[in-house]
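Student: Following this line is data_9.txt, made up of compact mmCIF, C-alpha atoms:
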# COMPACT_ATOMS: atom_id res chain seq x y z
CA MET Q 97 20.20 -23.27 -28.29
CA THR Q 98 23.58 -22.47 -26.80
CA LYS Q 99 24.89 -21.47 -30.20
CA GLU Q 100 22.02 -19.03 -30.66
CA LEU Q 101 22.64 -17.51 -27.23
CA LEU Q 102 26.38 -17.33 -27.83
CA TYR Q 103 25.70 -15.56 -31.14
CA LYS Q 104 23.59 -12.94 -29.34
CA TYR Q 105 26.19 -12.57 -26.61
CA VAL Q 106 29.04 -12.01 -29.08
CA LEU Q 107 26.89 -9.73 -31.21
CA ALA Q 108 26.21 -7.45 -28.22
CA LEU Q 109 29.94 -7.19 -27.49
CA GLY Q 110 30.55 -6.37 -31.15
CA ASP Q 111 27.84 -3.70 -31.09
CA ASP Q 112 29.37 -2.05 -28.01
CA ALA Q 113 32.73 -1.77 -29.78
CA LEU Q 114 31.26 -0.71 -33.13
CA ILE Q 115 29.06 2.08 -31.76
CA ILE Q 116 31.69 3.65 -29.51
CA GLY Q 117 34.18 3.33 -32.40
CA GLN Q 118 31.79 5.20 -34.67
CA ARG Q 119 31.20 7.89 -32.04
CA LEU Q 120 34.93 8.46 -31.53
CA SER Q 121 35.55 8.56 -35.29
CA GLN Q 122 33.27 11.62 -35.40
CA TRP Q 123 36.06 13.55 -33.63
CA ALA Q 124 38.44 13.01 -36.54
CA TYR Q 125 39.82 16.38 -37.73
CA LYS Q 126 37.71 18.12 -35.03
CA GLY Q 127 39.86 17.32 -31.99
CA PRO Q 128 40.86 20.10 -29.60
CA PHE Q 129 44.43 19.97 -30.92
CA LEU Q 130 46.33 17.84 -33.39
CA GLU Q 131 47.81 15.28 -30.99
CA GLU Q 132 44.51 14.63 -29.22
CA ASP Q 133 42.71 14.39 -32.55
CA ILE Q 134 45.07 11.58 -33.52
CA ALA Q 135 44.71 9.95 -30.07
CA LEU Q 136 40.91 9.84 -30.41
CA SER Q 137 41.18 8.44 -33.93
CA ASN Q 138 43.63 5.78 -32.74
CA ILE Q 139 41.21 4.70 -30.01
CA SER Q 140 38.36 4.71 -32.51
CA LEU Q 141 40.36 2.41 -34.80
CA ASP Q 142 41.12 0.08 -31.88
CA MET Q 143 37.38 -0.17 -31.24
CA PHE Q 144 36.58 -0.81 -34.93
CA GLY Q 145 39.22 -3.54 -34.94
CA ARG Q 146 37.62 -5.09 -31.89
CA ALA Q 147 34.14 -4.78 -33.41
CA ASN Q 148 35.42 -6.58 -36.49
CA LEU Q 149 36.77 -9.49 -34.40
CA PHE Q 150 33.51 -9.88 -32.47
CA LEU Q 151 31.24 -9.45 -35.49
CA GLU Q 152 33.22 -11.87 -37.65
CA TYR Q 153 32.90 -14.42 -34.91
CA ALA Q 154 29.18 -13.62 -34.57
CA ALA Q 155 28.75 -14.06 -38.34
CA THR Q 156 30.42 -17.48 -38.14
CA LEU Q 157 28.08 -18.48 -35.33
CA LYS Q 158 25.07 -17.23 -37.25
CA GLY Q 159 26.03 -19.27 -40.30
CA ASP Q 160 24.07 -19.08 -43.57
CA GLY Q 161 26.90 -17.09 -45.16
CA ALA Q 162 26.40 -14.13 -42.82
CA THR Q 163 29.25 -11.59 -42.78
CA ALA Q 164 30.50 -9.01 -40.28
CA ASP Q 165 29.68 -6.25 -42.77
CA GLU Q 166 26.07 -7.38 -43.02
CA LEU Q 167 25.77 -7.35 -39.25
CA ALA Q 168 27.26 -3.88 -39.04
CA PHE Q 169 25.50 -2.22 -41.95
CA LYS Q 170 22.23 -4.04 -42.55
CA ARG Q 171 20.58 -4.24 -39.16
CA ASN Q 172 18.26 -1.51 -37.98
CA GLU Q 173 18.23 0.33 -34.68
CA ARG Q 174 16.05 -2.12 -32.77
CA GLU Q 175 18.38 -4.97 -33.79
CA PHE Q 176 21.42 -3.31 -32.21
CA CYS Q 177 22.06 -4.37 -28.64
CA ASN Q 178 24.92 -2.08 -27.53
CA HIS Q 179 24.88 -0.43 -24.12
CA ILE Q 180 23.17 2.94 -24.48
CA LEU Q 181 26.14 4.72 -22.93
CA CYS Q 182 28.12 3.93 -26.13
CA GLU Q 183 25.67 5.77 -28.38
CA GLN Q 184 25.50 8.99 -26.35
CA PRO Q 185 26.59 12.04 -28.38
CA ASN Q 186 30.15 13.35 -28.25
CA GLY Q 187 29.02 16.68 -26.75
CA ASN Q 188 32.04 18.70 -25.68
CA PHE Q 189 35.46 17.17 -25.03
CA ALA Q 190 34.62 16.58 -21.35
CA ASP Q 191 31.43 14.71 -22.31
CA THR Q 192 33.45 12.44 -24.60
CA MET Q 193 36.17 11.83 -22.02
CA VAL Q 194 33.70 10.98 -19.24
CA ARG Q 195 31.83 8.55 -21.50
CA GLN Q 196 35.17 7.02 -22.46
CA PHE Q 197 36.42 6.83 -18.87
CA PHE Q 198 33.27 5.02 -17.69
CA LEU Q 199 33.52 2.58 -20.61
CA ASP Q 200 37.30 2.05 -20.40
CA ALA Q 201 37.11 1.19 -16.70
CA PHE Q 202 34.27 -1.23 -17.41
CA ASN Q 203 36.00 -2.76 -20.45
CA LYS Q 204 39.24 -3.32 -18.59
CA LEU Q 205 37.52 -5.26 -15.80
CA PHE Q 206 35.23 -7.06 -18.25
CA LEU Q 207 38.04 -8.17 -20.57
CA GLN Q 208 40.18 -9.34 -17.66
CA LYS Q 209 37.37 -11.77 -16.83
CA LEU Q 210 36.61 -12.64 -20.45
CA ILE Q 211 40.19 -13.91 -20.83
CA GLU Q 212 39.13 -16.78 -18.56
CA SER Q 213 36.23 -17.68 -20.88
CA LYS Q 214 35.91 -21.33 -21.83
CA ASP Q 215 35.23 -20.12 -25.35
CA GLU Q 216 38.68 -19.96 -26.97
CA GLN Q 217 37.71 -17.36 -29.53
CA LEU Q 218 36.34 -14.96 -26.92
CA SER Q 219 39.34 -15.52 -24.71
CA ALA Q 220 41.69 -14.75 -27.61
CA ILE Q 221 39.84 -11.53 -28.49
CA ALA Q 222 39.95 -10.49 -24.83
CA GLN Q 223 43.69 -11.12 -24.60
CA LYS Q 224 44.34 -8.95 -27.62
CA SER Q 225 41.94 -6.19 -26.51
CA ILE Q 226 43.01 -5.86 -22.89
CA LYS Q 227 46.33 -4.27 -23.91
CA GLU Q 228 44.54 -1.59 -25.90
CA THR Q 229 42.00 -0.93 -23.19
CA THR Q 230 44.66 -0.63 -20.49
CA TYR Q 231 46.09 2.24 -22.51
CA HIS Q 232 42.65 3.75 -23.24
CA LEU Q 233 41.90 3.86 -19.52
CA ARG Q 234 45.22 5.53 -18.78
CA HIS Q 235 44.45 8.12 -21.44
CA SER Q 236 40.87 8.88 -20.33
CA SER Q 237 41.50 8.79 -16.57
CA LYS Q 238 44.38 11.27 -16.87
CA TRP Q 239 42.10 13.60 -18.80
CA ILE Q 240 39.43 13.37 -16.09
CA ILE Q 241 42.04 14.37 -13.52
CA ARG Q 242 43.47 17.13 -15.70
CA LEU Q 243 40.03 18.62 -16.44
CA GLY Q 244 38.61 18.13 -12.94
CA ASP Q 245 41.67 19.54 -11.22
CA GLY Q 246 42.16 22.17 -13.93
CA THR Q 247 40.40 25.52 -14.34
CA ALA Q 248 36.99 26.44 -12.90
CA GLU Q 249 35.51 26.08 -16.38
CA SER Q 250 37.02 22.66 -17.10
CA HIS Q 251 35.97 21.46 -13.64
CA ALA Q 252 32.38 22.60 -14.21
CA LYS Q 253 32.21 20.99 -17.65
CA VAL Q 254 33.56 17.62 -16.57
CA GLN Q 255 31.34 17.54 -13.47
CA SER Q 256 28.33 18.34 -15.63
CA ALA Q 257 29.29 15.51 -18.03
CA ILE Q 258 29.55 13.08 -15.12
CA ASN Q 259 26.15 14.13 -13.80
CA ASN Q 260 24.53 13.78 -17.24
CA LEU Q 261 26.03 10.41 -18.15
CA TRP Q 262 25.76 8.75 -14.75
CA MET Q 263 22.25 7.45 -15.51
CA PHE Q 264 23.65 5.16 -18.23
CA THR Q 265 26.25 3.43 -16.04
CA ASP Q 266 24.01 0.92 -14.26
CA GLU Q 267 23.19 -0.85 -17.49
CA LEU Q 268 26.79 -1.99 -17.84
CA PHE Q 269 26.35 -4.30 -14.85
CA GLU Q 270 22.92 -5.70 -15.63
CA SER Q 271 22.44 -9.32 -16.66
CA ASN Q 272 19.73 -10.68 -18.95
CA LYS Q 273 18.94 -14.33 -19.54
CA ILE Q 274 21.64 -14.59 -22.20
CA ASP Q 275 24.24 -13.33 -19.73
CA HIS Q 276 23.02 -15.74 -17.06
CA GLU Q 277 23.30 -18.72 -19.38
CA MET Q 278 26.75 -17.66 -20.64
CA VAL Q 279 27.99 -17.20 -17.07
CA LYS Q 280 26.57 -20.60 -16.13
CA GLN Q 281 28.52 -22.18 -18.97
CA LYS Q 282 31.71 -20.29 -17.97
CA ILE Q 283 31.71 -18.53 -21.36
CA GLY Q 284 30.51 -15.10 -20.28
CA VAL Q 285 31.37 -12.61 -17.57
CA ASP Q 286 29.27 -12.04 -14.45
CA CYS Q 287 29.15 -8.25 -14.60
CA SER Q 288 27.63 -7.92 -11.14
CA LEU Q 289 30.99 -9.14 -9.81
CA ILE Q 290 33.04 -6.37 -11.41
CA LYS Q 291 30.83 -3.53 -10.17
CA VAL Q 292 32.75 -3.17 -6.89
CA GLU Q 293 36.07 -2.81 -8.70
CA TRP Q 294 34.54 -0.38 -11.20
CA ASP Q 295 33.24 1.75 -8.32
CA LYS Q 296 36.73 1.74 -6.84
CA ILE Q 297 38.39 2.95 -10.06
CA ILE Q 298 35.75 5.65 -10.53
CA ASP Q 299 35.99 6.84 -6.91
CA GLU Q 300 39.79 6.99 -6.95
CA VAL Q 301 39.97 9.01 -10.15
CA LEU Q 302 37.08 11.34 -9.24
CA SER Q 303 38.64 11.98 -5.86
CA GLU Q 304 42.03 12.85 -7.39
CA ALA Q 305 40.20 15.06 -9.89
CA THR Q 306 38.32 16.86 -7.06
CA LEU Q 307 35.04 15.76 -8.65
CA SER Q 308 32.00 14.29 -6.95
CA ARG Q 309 30.12 11.12 -7.71
CA PRO Q 310 26.39 11.58 -8.36
CA GLU Q 311 23.65 9.68 -6.56
CA ASN Q 312 21.83 7.01 -8.55
CA SER Q 313 18.58 8.39 -9.90
CA ASN Q 314 16.51 7.80 -13.04
CA MET Q 315 18.95 5.11 -14.16
CA LEU Q 316 18.26 4.07 -17.75
CA SER Q 317 18.82 0.80 -19.57
CA GLY Q 318 17.42 -1.23 -22.44
CA GLY Q 319 20.21 -1.30 -25.00
CA ARG Q 320 20.74 -5.05 -24.74
CA ALA Q 321 17.04 -5.50 -25.59
CA GLY Q 322 17.23 -3.11 -28.55
CA ILE Q 323 15.59 -0.20 -26.74
CA HIS Q 324 17.77 2.82 -27.47
CA THR Q 325 17.92 6.55 -26.95
CA GLU Q 326 17.06 8.82 -29.88
CA HIS Q 327 20.74 9.17 -30.74
CA LEU Q 328 21.40 5.70 -32.15
CA GLY Q 329 19.16 6.07 -35.20
CA HIS Q 330 21.03 9.17 -36.35
CA LEU Q 331 24.38 7.49 -35.79
CA LEU Q 332 23.31 4.47 -37.85
CA SER Q 333 21.87 6.53 -40.70
CA ASP Q 334 25.30 8.10 -41.04
CA MET Q 335 27.30 4.90 -40.56
CA GLN Q 336 25.12 2.74 -42.81
CA TYR Q 337 24.48 5.29 -45.53
CA LEU Q 338 26.83 3.85 -48.11
CA GLN Q 339 25.66 0.24 -47.78
CA ARG Q 340 22.03 1.35 -47.80
CA ALA Q 341 22.43 3.57 -50.86
CA TYR Q 342 24.74 1.20 -52.75
CA PRO Q 343 24.03 -2.30 -51.43
CA ASP Q 344 27.05 -4.62 -51.46
CA ALA Q 345 29.38 -1.88 -52.65
CA LYS Q 346 33.00 -3.00 -52.30
CA TRP Q 347 36.25 -1.09 -52.00
CA MET R 121 45.57 26.88 -27.58
CA SER R 122 48.52 29.17 -26.96
CA ASP R 123 52.12 28.02 -26.87
CA LYS R 124 52.29 29.13 -23.27
CA ASN R 125 49.68 26.56 -22.27
CA MET R 126 50.92 23.93 -24.68
CA PRO R 127 54.71 23.90 -24.80
CA THR R 128 56.48 21.67 -27.30
CA TRP R 129 58.41 18.59 -26.28
CA GLU R 130 61.11 16.74 -28.20
CA VAL R 131 60.51 13.03 -28.68
CA PHE R 132 63.25 10.39 -28.73
CA LEU R 133 62.56 6.75 -29.53
CA GLN R 134 64.61 3.69 -28.79
CA PRO R 135 64.05 1.36 -31.74
CA LYS R 136 65.26 -1.74 -29.87
CA THR R 137 66.28 -2.52 -26.33
CA GLY R 138 69.89 -1.39 -25.87
CA ALA R 139 69.94 0.71 -29.04
CA PRO R 140 70.64 4.45 -28.82
CA PHE R 141 67.60 6.77 -28.64
CA GLN R 142 66.92 8.68 -31.83
CA HIS R 143 65.16 12.00 -32.30
CA ALA R 144 61.73 11.38 -33.82
CA GLY R 145 60.18 14.86 -33.83
CA ASN R 146 58.14 16.97 -31.45
CA ILE R 147 54.65 17.25 -29.97
CA HIS R 148 52.53 19.60 -27.85
CA ALA R 149 51.59 18.69 -24.26
CA THR R 150 50.70 20.38 -21.00
CA ASP R 151 52.43 17.87 -18.71
CA GLU R 152 54.83 14.92 -18.65
CA GLU R 153 52.16 12.22 -18.85
CA MET R 154 50.42 13.93 -21.77
CA ALA R 155 53.78 14.33 -23.48
CA LEU R 156 54.48 10.61 -23.20
CA GLN R 157 50.99 9.70 -24.39
CA ASN R 158 51.05 12.11 -27.33
CA ALA R 159 54.51 10.88 -28.32
CA ARG R 160 53.16 7.34 -28.21
CA GLU R 161 50.13 8.32 -30.33
CA ILE R 162 52.07 10.20 -32.97
CA TYR R 163 55.36 8.35 -33.29
CA THR R 164 54.76 4.70 -32.37
CA ARG R 165 51.67 3.87 -34.43
CA ARG R 166 53.70 1.40 -36.46
CA GLN R 167 55.56 -0.25 -33.60
CA GLU R 168 58.61 1.96 -34.06
CA GLY R 169 59.92 1.75 -30.54
CA THR R 170 60.43 -0.01 -27.25
CA CYS R 171 60.96 3.09 -25.10
CA ILE R 172 60.18 6.80 -25.35
CA TRP R 173 61.99 9.82 -23.93
CA VAL R 174 60.32 13.22 -23.94
CA VAL R 175 62.01 16.43 -22.93
CA LYS R 176 60.71 19.98 -23.04
CA THR R 177 62.11 21.73 -26.10
CA GLU R 178 63.14 24.70 -23.96
CA ASP R 179 65.30 22.41 -21.82
CA ILE R 180 67.42 21.37 -24.80
CA VAL R 181 70.73 23.25 -24.91
CA SER R 182 71.76 23.69 -28.53
CA SER R 183 74.92 25.00 -30.14
CA ASN R 184 74.46 28.09 -32.27
CA PRO R 185 74.68 27.73 -36.08
CA ASP R 186 77.06 30.72 -35.98
CA ASP R 187 79.45 28.58 -33.97
CA GLN R 188 79.67 25.98 -36.73
CA GLU R 189 83.15 27.01 -37.99
CA SER R 190 84.78 27.18 -34.59
CA PHE R 191 83.03 24.09 -33.26
CA PHE R 192 83.33 21.64 -36.12
CA ASP R 193 85.80 22.73 -38.80
CA PRO R 194 88.95 22.20 -36.69
CA ALA R 195 88.26 18.45 -36.81
CA ASN R 196 88.40 18.26 -40.60
CA ASP R 197 92.20 17.76 -40.96
CA LYS R 198 92.70 15.35 -38.08
CA LEU R 199 92.48 12.02 -39.80
CA TYR R 200 94.46 10.44 -36.98
CA ARG R 201 91.26 10.59 -34.92
CA TYR R 202 89.89 7.74 -37.02
CA PRO R 203 91.02 4.27 -35.97
CA THR R 204 91.53 3.43 -39.67
CA PHE R 205 94.36 6.01 -39.82
CA PHE R 206 96.69 3.62 -38.01
CA LYS R 207 98.40 0.64 -39.59
CA VAL R 208 97.70 -2.54 -37.73
CA SER R 209 100.75 -4.62 -36.95
CA LYS R 210 100.65 -8.06 -38.52
CA LYS R 211 101.72 -9.43 -35.17
CA ALA R 212 98.60 -8.14 -33.48
CA LYS R 213 96.24 -11.04 -32.98
CA GLY R 214 92.55 -11.13 -32.29
CA LEU R 215 91.61 -7.77 -33.78
How does this structure look as structure tokens?
Tutor:
Amino acid sequence: MTKELLYKYVLALGDDALIIGQRLSQWAYKGPFLEEDIALSNISLDMFGRANLFLEYAATLKGDGATADELAFKRNEREFCNHILCEQPNGNFADTMVRQFFLDAFNKLFLQKLIESKDEQLSAIAQKSIKETTYHLRHSSKWIIRLGDGTAESHAKVQSAINNLWMFTDELFESNKIDHEMVKQKIGVDCSLIKVEWDKIIDEVLSEATLSRPENSNMLSGGRAGIHTEHLGHLLSDMQYLQRAYPDAKW
Amino acid sequence: MSDKNMPTWEVFLQPKTGAPFQHAGNIHATDEEMALQNAREIYTRRQEGTCIWVVKTEDIVSSNPDDQESFFDPANDKLYRYPTFFKVSKKAKGL
């Protein structure tokens, strides 16, 4: 029973990393300028690396010869359990940076707690990932400040991105029965406990950026239960195309 | 983006702690923090360094190629500026 729950817990963490990695990879060769293009690709690769670690572990837990590739490329939309914030479209550069900032702040706090996990594998992945995420947060938060405290146009665009994406932020701190059981066994992270610190990071950066924090309204969730926005299906059809068209193709 | 908004910065990397900084190349950035981050993204992807310096290209003072003869050629017949020019006394110990 625990093994099954742990599998689902790890799978969800892998899906979060995989889907945001795929989204960021869509900026490759389209970045606003060369250096930022490379920065976004580097972050994307960090997230793919992390997805690989989680999904390989999930495959081991699943057994029956399952592989990380199968989990990534042969599940359909309803079987993915990433947070819906991760799958939101890249939009303009401000949309991407706001999505990234919300996720980086969450990931930093989440991974700090996951290091204390009783599960050695999860703790090891968290220890490796926290260094990357500390940098990601530095990168995205500076952009929020630069854009917010920049020109009238950049300010308007980043404020609009914050307003549009705010509805997806509550889901990050929700707990389902898998989370509850993992927290009880000191394997998982109690996300309700990191909300206060997340709010603090968001408020500090938004304040420095002269941006305002929206009120909570029409908050949306469901990703952990496989209920997604219309964007995930399109992302998967692109990401999974090769394995679907040429099953078991190898490099 | 115009050069006025995105000036270039020269990037220097220190390969190891205590080693001299070496010129790695240049990048575009609007401010110091972006310059450091872009330098990190472009030039340290393969763990090339332990420390980064960035300096605005316009702040570098360079000698003029036209000055090459007067700056550097006068040193070409002064072998005595190399330590190897001097004979070491056999009595000198601990060298």
Student: For Met193 (chain Q), which residue among Q:Leu233, Q:Leu109, Q:Leu207, Q:Ala341 is the nearest when counting only C-alpha atoms?
Tutor: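 Going through Q:Leu233, Q:Leu109, Q:Leu207, Q:Ala341 one by one, the smallest distance to Met193 (chain Q) is for Q:Leu233.
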Student: Would you list the contacts of Asn203 (chain Q) as a PDB file with C-alpha atoms, keeping the file's coordinate frame, taking every protein, DNA or RNA residue within 12 Å and counting all atoms listed in the file, but skipping same-chain residues closer than 6 positions in sequence?
Tutor:
ATOM      1  CA  LEU Q 109      29.940  -7.190 -27.490  1.00  0.00           C
ATOM      2  CA  ASP Q 112      29.370  -2.050 -28.010  1.00  0.00           C
ATOM      3  CA  ALA Q 113      32.730  -1.770 -29.780  1.00  0.00           C
ATOM      4  CA  ILE Q 116      31.690   3.650 -29.510  1.00  0.00           C
ATOM      5  CA  MET Q 143      37.380  -0.170 -31.240  1.00  0.00           C
ATOM      6  CA  ARG Q 146      37.620  -5.090 -31.890  1.00  0.00           C
ATOM      7  CA  HIS Q 179      24.880  -0.430 -24.120  1.00  0.00           C
ATOM      8  CA  CYS Q 182      28.120   3.930 -26.130  1.00  0.00           C
ATOM      9  CA  GLN Q 196      35.170   7.020 -22.460  1.00  0.00           C
ATOM     10  CA  PHE Q 197      36.420   6.830 -18.870  1.00  0.00           C
ATOM     11  CA  LYS Q 209      37.370 -11.770 -16.830  1.00  0.00           C
ATOM     12  CA  LEU Q 210      36.610 -12.640 -20.450  1.00  0.00           C
ATOM     13  CA  ILE Q 211      40.190 -13.910 -20.830  1.00  0.00           C
ATOM     14  CA  ALA Q 222      39.950 -10.490 -24.830  1.00  0.00           C
ATOM     15  CA  SER Q 225      41.940  -6.190 -26.510  1.00  0.00           C
ATOM     16  CA  ILE Q 226      43.010  -5.860 -22.890  1.00  0.00           C
ATOM     17  CA  LYS Q 227      46.330  -4.270 -23.910  1.00  0.00           C
ATOM     18  CA  GLU Q 228      44.540  -1.590 -25.900  1.00  0.00           C
ATOM     19  CA  THR Q 229      42.000  -0.930 -23.190  1.00  0.00           C
ATOM     20  CA  THR Q 230      44.660  -0.630 -20.490  1.00  0.00           C
ATOM     21  CA  TYR Q 231      46.090   2.240 -22.510  1.00  0.00           C
ATOM     22  CA  HIS Q 232      42.650   3.750 -23.240  1.00  0.00           C
ATOM     23  CA  LEU Q 233      41.900   3.860 -19.520  1.00  0.00           C
ATOM     24  CA  LEU Q 268      26.790  -1.990 -17.840  1.00  0.00           C
ATOM     25  CA  PHE Q 269      26.350  -4.300 -14.850  1.00  0.00           C
ATOM     26  CA  VAL Q 285      31.370 -12.610 -17.570  1.00  0.00           C
ATOM     27  CA  CYS Q 287      29.150  -8.250 -14.600  1.00  0.00           C
ATOM     28  CA  ILE Q 290      33.040  -6.370 -11.410  1.00  0.00           C
ATOM     29  CA  LYS Q 291      30.830  -3.530 -10.170  1.00  0.00           C
ATOM     30  CA  GLU Q 293      36.070  -2.810  -8.700  1.00  0.00           C
ATOM     31  CA  TRP Q 294      34.540  -0.380 -11.200  1.00  0.00           C
TER      32      TRP Q 294
END
Student: With distances taken over only C-alpha atoms, which of R:Ser182, R:Ser209, R:Asn196, R:Gln157 is nearest to chain Q?
Tutor: R:Gln157
Student: Can you tell me, as a PDB file with C-alpha atoms, keeping the file's coordinate frame, which residues sit within 6 Å of (59.9, 12.2, -29.2) in the file's frame, using all atoms listed in the file?
Tutor:
ATOM      1  CA  GLU R 130      61.110  16.740 -28.200  1.00  0.00           C
ATOM      2  CA  VAL R 131      60.510  13.030 -28.680  1.00  0.00           C
ATOM      3  CA  PHE R 132      63.250  10.390 -28.730  1.00  0.00           C
ATOM      4  CA  ALA R 144      61.730  11.380 -33.820  1.00  0.00           C
ATOM      5  CA  GLY R 145      60.180  14.860 -33.830  1.00  0.00           C
ATOM      6  CA  ASN R 146      58.140  16.970 -31.450  1.00  0.00           C
ATOM      7  CA  ALA R 159      54.510  10.880 -28.320  1.00  0.00           C
ATOM      8  CA  VAL R 174      60.320  13.220 -23.940  1.00  0.00           C
TER       9      VAL R 174
END
Student: Of the residues Q:Lys253, Q:Lys238, Q:Arg119, Q:Lys280, which is the one nearest to chain R, using all atoms listed in the file?
Tutor: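 The shortest atom-to-atom distance to chain R comes from Q:Lys238.
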Student: Output as number ranges by chain the set of chain R residues within 8 Å of chain Q, with distances taken over all atoms listed in the file.
Tutor: R: 121, 147-148, 157-158, 161-162
Student: Provide the CA of Asp111 (chain Q) to CA of Ala147 (chain Q) distance in Å, to one decimal place.
Tutor: 6.8 Å
Student: CA of Trp262 (chain Q) and CA of Ser317 (chain Q), how far apart in Å?
Tutor: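 According to the coordinates, CA of Ser317 (chain Q) and CA of Trp262 (chain Q) are separated by 11.6 Å.
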Student: Return the single residue from Q:Ile297, Q:Leu167, Q:Leu199, Q:Leu331 that is closest to Thr265 (chain Q), with distances computed using only C-alpha atoms.
Tutor: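 Residue with the minimum atom-to-atom distance to Thr265 (chain Q): Q:Leu199.
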Student: Skip Arg171 (chain Q) itself and residues of its chain fewer than 3 positions away, then list as a list in words all residues within 12 Å of it, counting all atoms listed in the file.
Tutor: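 Counting only the stated atoms, we get Leu107, Asp111, Thr163, Ala164, Asp165, Glu166, Leu167, Ala168, Arg174, Glu175, Phe176, Cys177, Gly322, Gly329, Leu332, Ser333, Met335, Gln336, Gln339 and Arg340 of chain Q.
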Student: Can you write just those residues out, C-alpha atoms, as a JSON list (two decimals), keeping the file's coordinate frame?
Tutor:
[["chain", "number", "residue", "atom", "x", "y", "z"],
["Q", 107, "LEU", "CA", 26.89, -9.73, -31.21],
["Q", 111, "ASP", "CA", 27.84, -3.70, -31.09],
["Q", 163, "THR", "CA", 29.25, -11.59, -42.78],
["Q", 164, "ALA", "CA", 30.50, -9.01, -40.28],
["Q", 165, "ASP", "CA", 29.68, -6.25, -42.77],
["Q", 166, "GLU", "CA", 26.07, -7.38, -43.02],
["Q", 167, "LEU", "CA", 25.77, -7.35, -39.25],
["Q", 168, "ALA", "CA", 27.26, -3.88, -39.04],
["Q", 174, "ARG", "CA", 16.05, -2.12, -32.77],
["Q", 175, "GLU", "CA", 18.38, -4.97, -33.79],
["Q", 176, "PHE", "CA", 21.42, -3.31, -32.21],
["Q", 177, "CYS", "CA", 22.06, -4.37, -28.64],
["Q", 322, "GLY", "CA", 17.23, -3.11, -28.55],
["Q", 329, "GLY", "CA", 19.16, 6.07, -35.20],
["Q", 332, "LEU", "CA", 23.31, 4.47, -37.85],
["Q", 333, "SER", "CA", 21.87, 6.53, -40.70],
["Q", 335, "MET", "CA", 27.30, 4.90, -40.56],
["Q", 336, "GLN", "CA", 25.12, 2.74, -42.81],
["Q", 339, "GLN", "CA", 25.66, 0.24, -47.78],
["Q", 340, "ARG", "CA", 22.03, 1.35, -47.80]]
Student: So how far away is CA of Ile274 (chain Q) from CA of Glu100 (chain Q), in Å?
Tutor: 9.6 Å
Student: Would you be able to write out as a PyMOL selection string which residues have an atom within 12 Å of (30.2, -20.6, -26.9) in the file's coordinates, counting all atoms listed in the file?
Tutor: chain Q and resi 97-106+153-154+156-157+213-219+274-275+277-284
Student: When distances are computed from all atoms listed in the file, which of Q:Ala201, Q:Leu243, Q:Ala124, Q:Leu141 shows the smallest separation from Thr150 (chain R)?
Tutor: Q:Leu243
Student: Using all atoms listed in the file, can you tell me which of Q:His330, Q:Ile180, Q:Lys224, Q:Tyr342 comes closest to Met315 (chain Q)?
Tutor: Q:Ile180
Student: Find the spatial neighbours of Asn186 (chain Q), counting all atoms listed in the file, within a cut-off of 12 Å - ignore same-chain residues fewer than 3 positions away - and output them as an mmCIF file with C-alpha atoms, in the frame of the given file.
Tutor:
data_model
loop_
_atom_site.group_PDB
_atom_site.id
_atom_site.type_symbol
_atom_site.label_atom_id
_atom_site.label_comp_id
_atom_site.auth_asym_id
_atom_site.auth_seq_id
_atom_site.Cartn_x
_atom_site.Cartn_y
_atom_site.Cartn_z
ATOM 1 C CA ILE Q 115 29.060 2.080 -31.760
ATOM 2 C CA ILE Q 116 31.690 3.650 -29.510
ATOM 3 C CA GLY Q 117 34.180 3.330 -32.400
ATOM 4 C CA GLN Q 118 31.790 5.200 -34.670
ATOM 5 C CA ARG Q 119 31.200 7.890 -32.040
ATOM 6 C CA LEU Q 120 34.930 8.460 -31.530
ATOM 7 C CA SER Q 121 35.550 8.560 -35.290
ATOM 8 C CA GLN Q 122 33.270 11.620 -35.400
ATOM 9 C CA TRP Q 123 36.060 13.550 -33.630
ATOM 10 C CA ALA Q 124 38.440 13.010 -36.540
ATOM 11 C CA LYS Q 126 37.710 18.120 -35.030
ATOM 12 C CA GLY Q 127 39.860 17.320 -31.990
ATOM 13 C CA LEU Q 136 40.910 9.840 -30.410
ATOM 14 C CA LEU Q 181 26.140 4.720 -22.930
ATOM 15 C CA CYS Q 182 28.120 3.930 -26.130
ATOM 16 C CA GLU Q 183 25.670 5.770 -28.380
ATOM 17 C CA PHE Q 189 35.460 17.170 -25.030
ATOM 18 C CA ALA Q 190 34.620 16.580 -21.350
ATOM 19 C CA ASP Q 191 31.430 14.710 -22.310
ATOM 20 C CA THR Q 192 33.450 12.440 -24.600
ATOM 21 C CA MET Q 193 36.170 11.830 -22.020
ATOM 22 C CA VAL Q 194 33.700 10.980 -19.240
ATOM 23 C CA ARG Q 195 31.830 8.550 -21.500
ATOM 24 C CA GLN Q 196 35.170 7.020 -22.460
ATOM 25 C CA ALA Q 257 29.290 15.510 -18.030
ATOM 26 C CA LEU Q 261 26.030 10.410 -18.150
ATOM 27 C CA HIS Q 327 20.740 9.170 -30.740
ATOM 28 C CA LEU Q 331 24.380 7.490 -35.790
#
